[in-house]
Amino acid sequence: MTTRIATVTALVVDDEPLARRRLRDLMGACAWLQWVGEAATGRAAVAAIDEVQPDLVFLDIRLPACSGLDVLARVTHRPYVIFTTAYDRFALTAFELGAIDYLLKPFGRERFDRAMERARPFLESRVGAATADRARQALASGPVPRLFVRDGARIVPVPLASVERVEACDDFVLVHAGGKTYRLNLQLTDLEGRLDPRTFVRVHRSHLVNLDHLASLVPYDGSRFQLTLRSGATIIASRQRSRLLRDMGR
Amino acid sequence: MAWIAYAAAWLTFAVVWAFAGAASAGASPLATLPFALVAMGFAAAMGVGVWRLTGRLPLDGRSTRFHVTHAGALAAYCLVYATSWAWIELATGGVAATLQALRASPVLLWNVLMGSWLYLMVAGGAYAVRAERRVRAQEVAATEARLQAQQAQLAALRAQINPHFLFNALHSVGALVTIDPARADRALERLGDLLRYALDAAEQVPLADEWQFTADYLAFEELRLGDRLRVARHADDPALEVSVPPLLLQPLVENAIRYGVADRPDGGRIEIRARLEGRRLRISVADDGRGAADSSGSGLGLASLRQRLQAMYGEDATLRLQRRDPGFLVELDLPADRTGTWGSAA
């Protein structure tokens, strides 16, 4: 069974001529993508996006005078956005929290194709509109009000109140919320930095727990506590964290 | 050297002692000199033993062993010193005269007091010299530690290649691979040269090396920024021969590009100059941008450069920042006739 895909129009925003050329070349080999223009500055990008009204924008975060985020704040047309960046740890964390697609420079054919495969279902369902809001929320500093996660071909908001715990797994984390598990490609410490420390407490090197989901806290052995969550999950806190938990209970 | 000074001091003391003895006894100094020389010869020779003893017995007023040992040594020292003149008596006057003289107790008592005084002077002096040497050794160790810390800092600095630059440069090369393979090839070689220099540059390099490194760096910025970056460079030939610490020029240029060019949609112009004026090397980097809030020298690159200059040249090098209209001017003024002293402790 083959599905005929409507052509997706794309615009490139980058201040470096070679980087723009690179994206145009990569796009050329992708049958369902059509290059419809490019811009080198934030101001030119705002004008081009509103005029050409592309389905997709490849947007460099660092632009002279006005950032990629400023561009999104000013446009009236709402395209789907894939951010491109060379090195910006904070931005990458934010993008994961907002389920925003990004391409890390240097990228070539393989990484580009993978990103396009991932973006395709979203592009087909035309869900770009919210990118700008999600990006703004995620890129702001301080605790995030909710997480955005990819769930199949959808991006779903996950209220933090429904997150019962977050578990570190190699170089990504698993978010357990409402009986489901979502994967975010970031470090537990980075996520911890964007959550309210009074609600989300690190009980172990690889576990963050939402105290509002705590059912009981009982001594496990002489120096550790066992946490039982309302979902029934149990976690044994580390010695050091058990001491902190005891102090919190006082 | 120390032993010659030691012997000379005792000799001088012996002569003074002979004249003093002659004056008080109303005798000729020639008569008292042999006695003085023998007595001080004994005192000096035993002083060497006292010096050795102070090396084994650290100065410690609360240690019983310290007091008992020195009391014993002092008694022995006094006994030998007090009887030393008897050897001359024995050689010149015979046994009977010697025994008679030894019975003249006031002389003996006087010699015991003198011996004690000499012992205390020698032991005190020995402890003072040892303390002074220890302090100097500690100072040398501290200086060495400081130099090592500076070297570690330099190593860390070299490892600090701006990741943004590196990843963007790699991305540019990737783009060139399909557009212009020959240029991509050259760019890769240049990138290799850049990294090698940043990682392995010697502790001192001719400015010419810095100039080339900066040229390689600029080639990438030109690749990245296209015609938004306009550069004018000029260096005198004699200036290029001056020895400078590595990674001195490129941070200034990177700073100028960041604030004077990359942040501006239309780009900007950068002027780099190096010239020799007398025995001073003057380097200036100017841009025509707005000048960013933190180009006042608190920026990471300039702040660490300032620290390195301070460590190497002290007050003899200056890094001056000047706001112009438009743009920013950074001037570096270094001694041209001095190689730095990273790690080469005397």
# chains A, B, ... in the order shown; residues from 1 in each chain; ligands from 1
call {"tool": "select_by_dssp", "arguments": {"residues": "range 4-94 of chain A", "states": "alpha helix (DSSP H)", "output": "short mmCIF file (atom, residue, chain, number, x, y, z; two decimals) with C-alpha atoms, in the first residue's frame"}}
result
data_model
loop_
_atom_site.label_atom_id
_atom_site.label_comp_id
_atom_site.auth_asym_id
_atom_site.auth_seq_id
_atom_site.Cartn_x
_atom_site.Cartn_y
_atom_site.Cartn_z
CA PRO A 17 25.48 30.91 3.27
CA LEU A 18 27.05 27.47 3.31
CA ALA A 19 24.62 26.23 5.93
CA ARG A 20 21.69 27.41 3.78
CA ARG A 21 23.19 25.74 0.76
CA ARG A 22 23.66 22.52 2.74
CA LEU A 23 19.99 22.34 3.70
CA ARG A 24 18.86 23.11 0.17
CA ASP A 25 21.05 20.28 -1.17
CA LEU A 26 19.75 17.82 1.42
CA MET A 27 16.17 18.85 0.69
CA GLY A 28 16.73 18.33 -3.03
CA GLY A 42 15.71 37.45 11.49
CA ARG A 43 13.94 40.38 9.88
CA ALA A 44 14.15 38.84 6.40
CA ALA A 45 12.89 35.57 7.88
CA VAL A 46 9.78 37.17 9.37
CA ALA A 47 8.95 38.77 6.03
CA ALA A 48 9.64 35.59 4.05
CA ILE A 49 7.62 33.30 6.34
CA ASP A 50 4.57 35.54 6.20
CA GLU A 51 4.85 36.04 2.48
CA VAL A 52 5.71 32.53 1.28
CA GLY A 68 15.18 32.33 15.89
CA LEU A 69 12.77 32.54 18.79
CA ASP A 70 12.15 36.24 18.14
CA VAL A 71 11.27 35.30 14.58
CA LEU A 72 8.60 32.90 15.80
CA ALA A 73 7.19 35.52 18.12
CA ARG A 74 6.70 37.95 15.23
CA ARG A 89 23.01 22.60 25.73
CA PHE A 90 20.30 24.73 27.27
CA ALA A 91 18.38 24.97 24.01
CA LEU A 92 18.57 21.22 23.45
CA THR A 93 17.11 20.55 26.88
CA ALA A 94 14.34 23.03 26.16
#
call {"tool": "interface_residues", "arguments": {"of": "chain A", "to": "chain B", "cutoff": "8 Å", "atoms": "only C-alpha atoms", "output": "JSON, numbers by chain"}}
result
{"A": [15, 16, 17, 18, 19, 21, 22, 40, 41, 63, 64, 65, 86, 87, 105, 106, 107, 108]}
call {"tool": "write_last_selection", "arguments": {"atoms": "C-alpha atoms", "output": "mmCIF file, in the first residue's frame"}}
result
data_model
loop_
_atom_site.group_PDB
_atom_site.id
_atom_site.type_symbol
_atom_site.label_atom_id
_atom_site.label_comp_id
_atom_site.auth_asym_id
_atom_site.auth_seq_id
_atom_site.Cartn_x
_atom_site.Cartn_y
_atom_site.Cartn_z
ATOM 1 C CA ASP A 15 22.904 33.512 8.538
ATOM 2 C CA GLU A 16 25.628 31.314 7.057
ATOM 3 C CA PRO A 17 25.476 30.915 3.273
ATOM 4 C CA LEU A 18 27.053 27.467 3.305
ATOM 5 C CA ALA A 19 24.621 26.235 5.931
ATOM 6 C CA ARG A 21 23.191 25.739 0.762
ATOM 7 C CA ARG A 22 23.659 22.520 2.744
ATOM 8 C CA ALA A 40 19.794 35.201 6.239
ATOM 9 C CA THR A 41 18.524 37.487 8.996
ATOM 10 C CA LEU A 63 20.833 34.855 14.121
ATOM 11 C CA PRO A 64 22.369 38.309 13.973
ATOM 12 C CA ALA A 65 20.346 40.951 15.821
ATOM 13 C CA ALA A 86 25.632 24.088 16.550
ATOM 14 C CA TYR A 87 26.106 23.889 20.279
ATOM 15 C CA LYS A 105 25.256 20.906 13.339
ATOM 16 C CA PRO A 106 27.176 19.346 11.793
ATOM 17 C CA PHE A 107 24.452 17.226 10.229
ATOM 18 C CA GLY A 108 24.483 15.297 6.984
#
call {"tool": "residues_around", "arguments": {"residues": "Arg136 in chain A", "least_positions_apart": "2", "cutoff": "9 Å", "atoms": "only C-alpha atoms", "output": "PyMOL selection string"}}
result
chain A and resi 69+72-73+98+131-134+138-140
call {"tool": "residues_around", "arguments": {"residues": "range 49-65 of chain B", "least_positions_apart": "5", "cutoff": "9 Å", "atoms": "only C-alpha atoms", "output": "mmCIF file with N, CA and C atoms, in the first residue's frame"}}
result
data_model
loop_
_atom_site.group_PDB
_atom_site.id
_atom_site.type_symbol
_atom_site.label_atom_id
_atom_site.label_comp_id
_atom_site.auth_asym_id
_atom_site.auth_seq_id
_atom_site.Cartn_x
_atom_site.Cartn_y
_atom_site.Cartn_z
ATOM 1 N N HIS B 70 72.131 19.147 74.212
ATOM 2 C CA HIS B 70 72.912 20.376 74.081
ATOM 3 C C HIS B 70 73.713 20.657 75.349
ATOM 4 N N ALA B 73 76.746 18.470 75.096
ATOM 5 C CA ALA B 73 77.646 18.951 74.050
ATOM 6 C C ALA B 73 78.357 20.217 74.517
ATOM 7 N N TYR B 119 79.948 28.392 72.314
ATOM 8 C CA TYR B 119 79.039 27.300 71.944
ATOM 9 C C TYR B 119 77.642 27.845 71.605
ATOM 10 N N VAL B 122 77.628 29.645 68.290
ATOM 11 C CA VAL B 122 77.717 28.747 67.137
ATOM 12 C C VAL B 122 76.383 28.014 66.931
ATOM 13 N N ALA B 123 75.837 27.456 68.041
ATOM 14 C CA ALA B 123 74.581 26.706 67.915
ATOM 15 C C ALA B 123 73.451 27.630 67.450
ATOM 16 N N GLY B 125 73.730 30.432 65.765
ATOM 17 C CA GLY B 125 73.959 30.781 64.358
ATOM 18 C C GLY B 125 73.556 29.641 63.441
ATOM 19 N N ALA B 126 73.894 28.398 63.839
ATOM 20 C CA ALA B 126 73.568 27.236 63.007
ATOM 21 C C ALA B 126 72.055 27.109 62.831
ATOM 22 N N TYR B 127 71.325 27.279 63.945
ATOM 23 C CA TYR B 127 69.865 27.166 63.831
ATOM 24 C C TYR B 127 69.298 28.284 62.952
ATOM 25 N N ARG B 130 69.995 27.404 59.308
ATOM 26 C CA ARG B 130 69.111 26.322 58.868
ATOM 27 C C ARG B 130 67.683 26.829 58.636
#
call {"tool": "residues_around", "arguments": {"residues": "Arg233 in chain B", "least_positions_apart": "6", "cutoff": "8 Å", "atoms": "only C-alpha atoms", "output": "list in words"}}
result
Glu271, Ile272 and Arg273 of chain B
call {"tool": "residues_around", "arguments": {"residues": "Leu281 in chain B", "least_positions_apart": "3", "cutoff": "10 Å", "atoms": "only C-alpha atoms", "output": "list in words"}}
result
Leu207, Pro238, Ala239, Leu240, Val242, Ser243, Val244, Ala274, Arg275, Leu276, Glu277, Gly278, Ala317, Leu332, Asp333, Leu334, Pro335, Ala336 and Asp337 of chain B
call {"tool": "write_last_selection", "arguments": {"atoms": "C-alpha atoms", "output": "PDB file, in the first residue's frame"}}
result
ATOM      1  CA  LEU B 207      54.280  36.093  16.083  1.00  0.00           C
ATOM      2  CA  PRO B 238      60.327  42.546  12.290  1.00  0.00           C
ATOM      3  CA  ALA B 239      57.140  42.297  14.359  1.00  0.00           C
ATOM      4  CA  LEU B 240      56.494  38.807  12.993  1.00  0.00           C
ATOM      5  CA  VAL B 242      58.955  38.583  18.038  1.00  0.00           C
ATOM      6  CA  SER B 243      58.435  35.727  20.485  1.00  0.00           C
ATOM      7  CA  VAL B 244      54.983  35.701  22.056  1.00  0.00           C
ATOM      8  CA  ALA B 274      51.111  44.313  14.352  1.00  0.00           C
ATOM      9  CA  ARG B 275      54.167  46.527  14.449  1.00  0.00           C
ATOM     10  CA  LEU B 276      57.447  46.858  16.270  1.00  0.00           C
ATOM     11  CA  GLU B 277      58.042  50.205  17.942  1.00  0.00           C
ATOM     12  CA  GLY B 278      61.461  50.301  19.506  1.00  0.00           C
ATOM     13  CA  ALA B 317      52.369  44.162  29.189  1.00  0.00           C
ATOM     14  CA  LEU B 332      48.075  44.938  23.113  1.00  0.00           C
ATOM     15  CA  ASP B 333      51.491  46.262  24.107  1.00  0.00           C
ATOM     16  CA  LEU B 334      54.250  43.765  24.939  1.00  0.00           C
ATOM     17  CA  PRO B 335      58.002  43.803  25.471  1.00  0.00           C
ATOM     18  CA  ALA B 336      59.560  42.586  22.209  1.00  0.00           C
ATOM     19  CA  ASP B 337      62.929  41.569  23.624  1.00  0.00           C
TER      20      ASP B 337
END
call {"tool": "residues_around", "arguments": {"residues": "range 34-38 of chain B", "least_positions_apart": "2", "cutoff": "6 Å", "atoms": "only C-alpha atoms", "output": "PyMOL selection string"}}
result
chain B and resi 14+18+32+40-41+85
call {"tool": "select_by_dssp", "arguments": {"residues": "range 5-210 of chain A", "states": "strand (DSSP E)", "output": "PyMOL selection string"}}
result
chain A and resi 8-13+33-39+56-60+80-85+101-104+146-151+154-159+163-169+172-177+180-184+200-204+207-210
call {"tool": "write_last_selection", "arguments": {"atoms": "C-alpha atoms", "output": "PDB file, in the first residue's frame"}}
result
ATOM      1  CA  VAL A   8       5.644  19.957   1.845  1.00  0.00           C
ATOM      2  CA  THR A   9       7.056  23.425   1.232  1.00  0.00           C
ATOM      3  CA  ALA A  10      10.085  24.448   3.267  1.00  0.00           C
ATOM      4  CA  LEU A  11      12.000  27.658   3.948  1.00  0.00           C
ATOM      5  CA  VAL A  12      15.547  27.894   5.313  1.00  0.00           C
ATOM      6  CA  VAL A  13      16.671  30.538   7.811  1.00  0.00           C
ATOM      7  CA  LEU A  33      10.036  18.352   0.246  1.00  0.00           C
ATOM      8  CA  GLN A  34      10.107  21.484  -1.827  1.00  0.00           C
ATOM      9  CA  TRP A  35      12.494  24.389  -1.180  1.00  0.00           C
ATOM     10  CA  VAL A  36      10.574  27.644  -1.484  1.00  0.00           C
ATOM     11  CA  GLY A  37      13.016  30.229  -0.201  1.00  0.00           C
ATOM     12  CA  GLU A  38      15.617  31.262   2.333  1.00  0.00           C
ATOM     13  CA  ALA A  39      16.510  34.126   4.638  1.00  0.00           C
ATOM     14  CA  LEU A  56       8.051  23.916   7.304  1.00  0.00           C
ATOM     15  CA  VAL A  57      10.852  26.231   8.428  1.00  0.00           C
ATOM     16  CA  PHE A  58      14.421  25.220   9.219  1.00  0.00           C
ATOM     17  CA  LEU A  59      15.347  27.863  11.738  1.00  0.00           C
ATOM     18  CA  ASP A  60      18.824  28.653  13.112  1.00  0.00           C
ATOM     19  CA  TYR A  80       6.053  23.628  11.565  1.00  0.00           C
ATOM     20  CA  VAL A  81       9.583  24.403  12.780  1.00  0.00           C
ATOM     21  CA  ILE A  82      12.772  22.387  12.905  1.00  0.00           C
ATOM     22  CA  PHE A  83      15.478  24.283  14.780  1.00  0.00           C
ATOM     23  CA  THR A  84      19.101  24.039  13.727  1.00  0.00           C
ATOM     24  CA  THR A  85      21.938  24.787  16.128  1.00  0.00           C
ATOM     25  CA  ASP A 101      12.399  18.922  16.469  1.00  0.00           C
ATOM     26  CA  TYR A 102      15.932  20.079  15.984  1.00  0.00           C
ATOM     27  CA  LEU A 103      19.011  19.313  13.917  1.00  0.00           C
ATOM     28  CA  LEU A 104      22.446  19.511  15.484  1.00  0.00           C
ATOM     29  CA  ARG A 146       4.068  21.164  31.622  1.00  0.00           C
ATOM     30  CA  LEU A 147       6.026  18.764  29.469  1.00  0.00           C
ATOM     31  CA  PHE A 148       5.367  18.176  25.802  1.00  0.00           C
ATOM     32  CA  VAL A 149       6.119  14.670  24.642  1.00  0.00           C
ATOM     33  CA  ARG A 150       5.914  12.869  21.331  1.00  0.00           C
ATOM     34  CA  ASP A 151       3.307  10.132  21.366  1.00  0.00           C
ATOM     35  CA  ARG A 154       1.078  13.422  18.065  1.00  0.00           C
ATOM     36  CA  ILE A 155       2.637  15.841  20.483  1.00  0.00           C
ATOM     37  CA  VAL A 156       0.818  15.688  23.772  1.00  0.00           C
ATOM     38  CA  PRO A 157       1.064  17.990  26.743  1.00  0.00           C
ATOM     39  CA  VAL A 158       1.697  16.226  30.028  1.00  0.00           C
ATOM     40  CA  PRO A 159       0.656  18.256  33.102  1.00  0.00           C
ATOM     41  CA  VAL A 163       3.905  12.922  36.390  1.00  0.00           C
ATOM     42  CA  GLU A 164       4.550  10.502  39.225  1.00  0.00           C
ATOM     43  CA  ARG A 165       8.232   9.835  38.656  1.00  0.00           C
ATOM     44  CA  VAL A 166      11.070  10.219  36.190  1.00  0.00           C
ATOM     45  CA  GLU A 167      13.659   7.539  35.712  1.00  0.00           C
ATOM     46  CA  ALA A 168      17.127   7.946  34.163  1.00  0.00           C
ATOM     47  CA  CYS A 169      18.054   5.381  31.529  1.00  0.00           C
ATOM     48  CA  PHE A 172      17.618   9.626  28.148  1.00  0.00           C
ATOM     49  CA  VAL A 173      14.851   9.681  30.745  1.00  0.00           C
ATOM     50  CA  LEU A 174      11.542   7.873  31.044  1.00  0.00           C
ATOM     51  CA  VAL A 175       8.651   9.963  32.296  1.00  0.00           C
ATOM     52  CA  HIS A 176       5.946   7.922  34.059  1.00  0.00           C
ATOM     53  CA  ALA A 177       2.628   9.759  33.947  1.00  0.00           C
ATOM     54  CA  LYS A 180       1.975   5.713  30.444  1.00  0.00           C
ATOM     55  CA  THR A 181       5.683   6.058  29.869  1.00  0.00           C
ATOM     56  CA  TYR A 182       7.272   8.693  27.611  1.00  0.00           C
ATOM     57  CA  ARG A 183      10.855   9.040  26.524  1.00  0.00           C
ATOM     58  CA  LEU A 184      12.750  12.346  26.522  1.00  0.00           C
ATOM     59  CA  PHE A 200      10.019  16.803  42.434  1.00  0.00           C
ATOM     60  CA  VAL A 201      12.673  15.307  44.675  1.00  0.00           C
ATOM     61  CA  ARG A 202      15.681  13.281  43.657  1.00  0.00           C
ATOM     62  CA  VAL A 203      15.508  10.147  45.806  1.00  0.00           C
ATOM     63  CA  HIS A 204      18.228   8.284  44.036  1.00  0.00           C
ATOM     64  CA  HIS A 207      15.084   8.699  40.164  1.00  0.00           C
ATOM     65  CA  LEU A 208      12.998  11.841  40.542  1.00  0.00           C
ATOM     66  CA  VAL A 209       9.747  11.435  42.450  1.00  0.00           C
ATOM     67  CA  ASN A 210       6.693  13.679  42.578  1.00  0.00           C
TER      68      ASN A 210
END
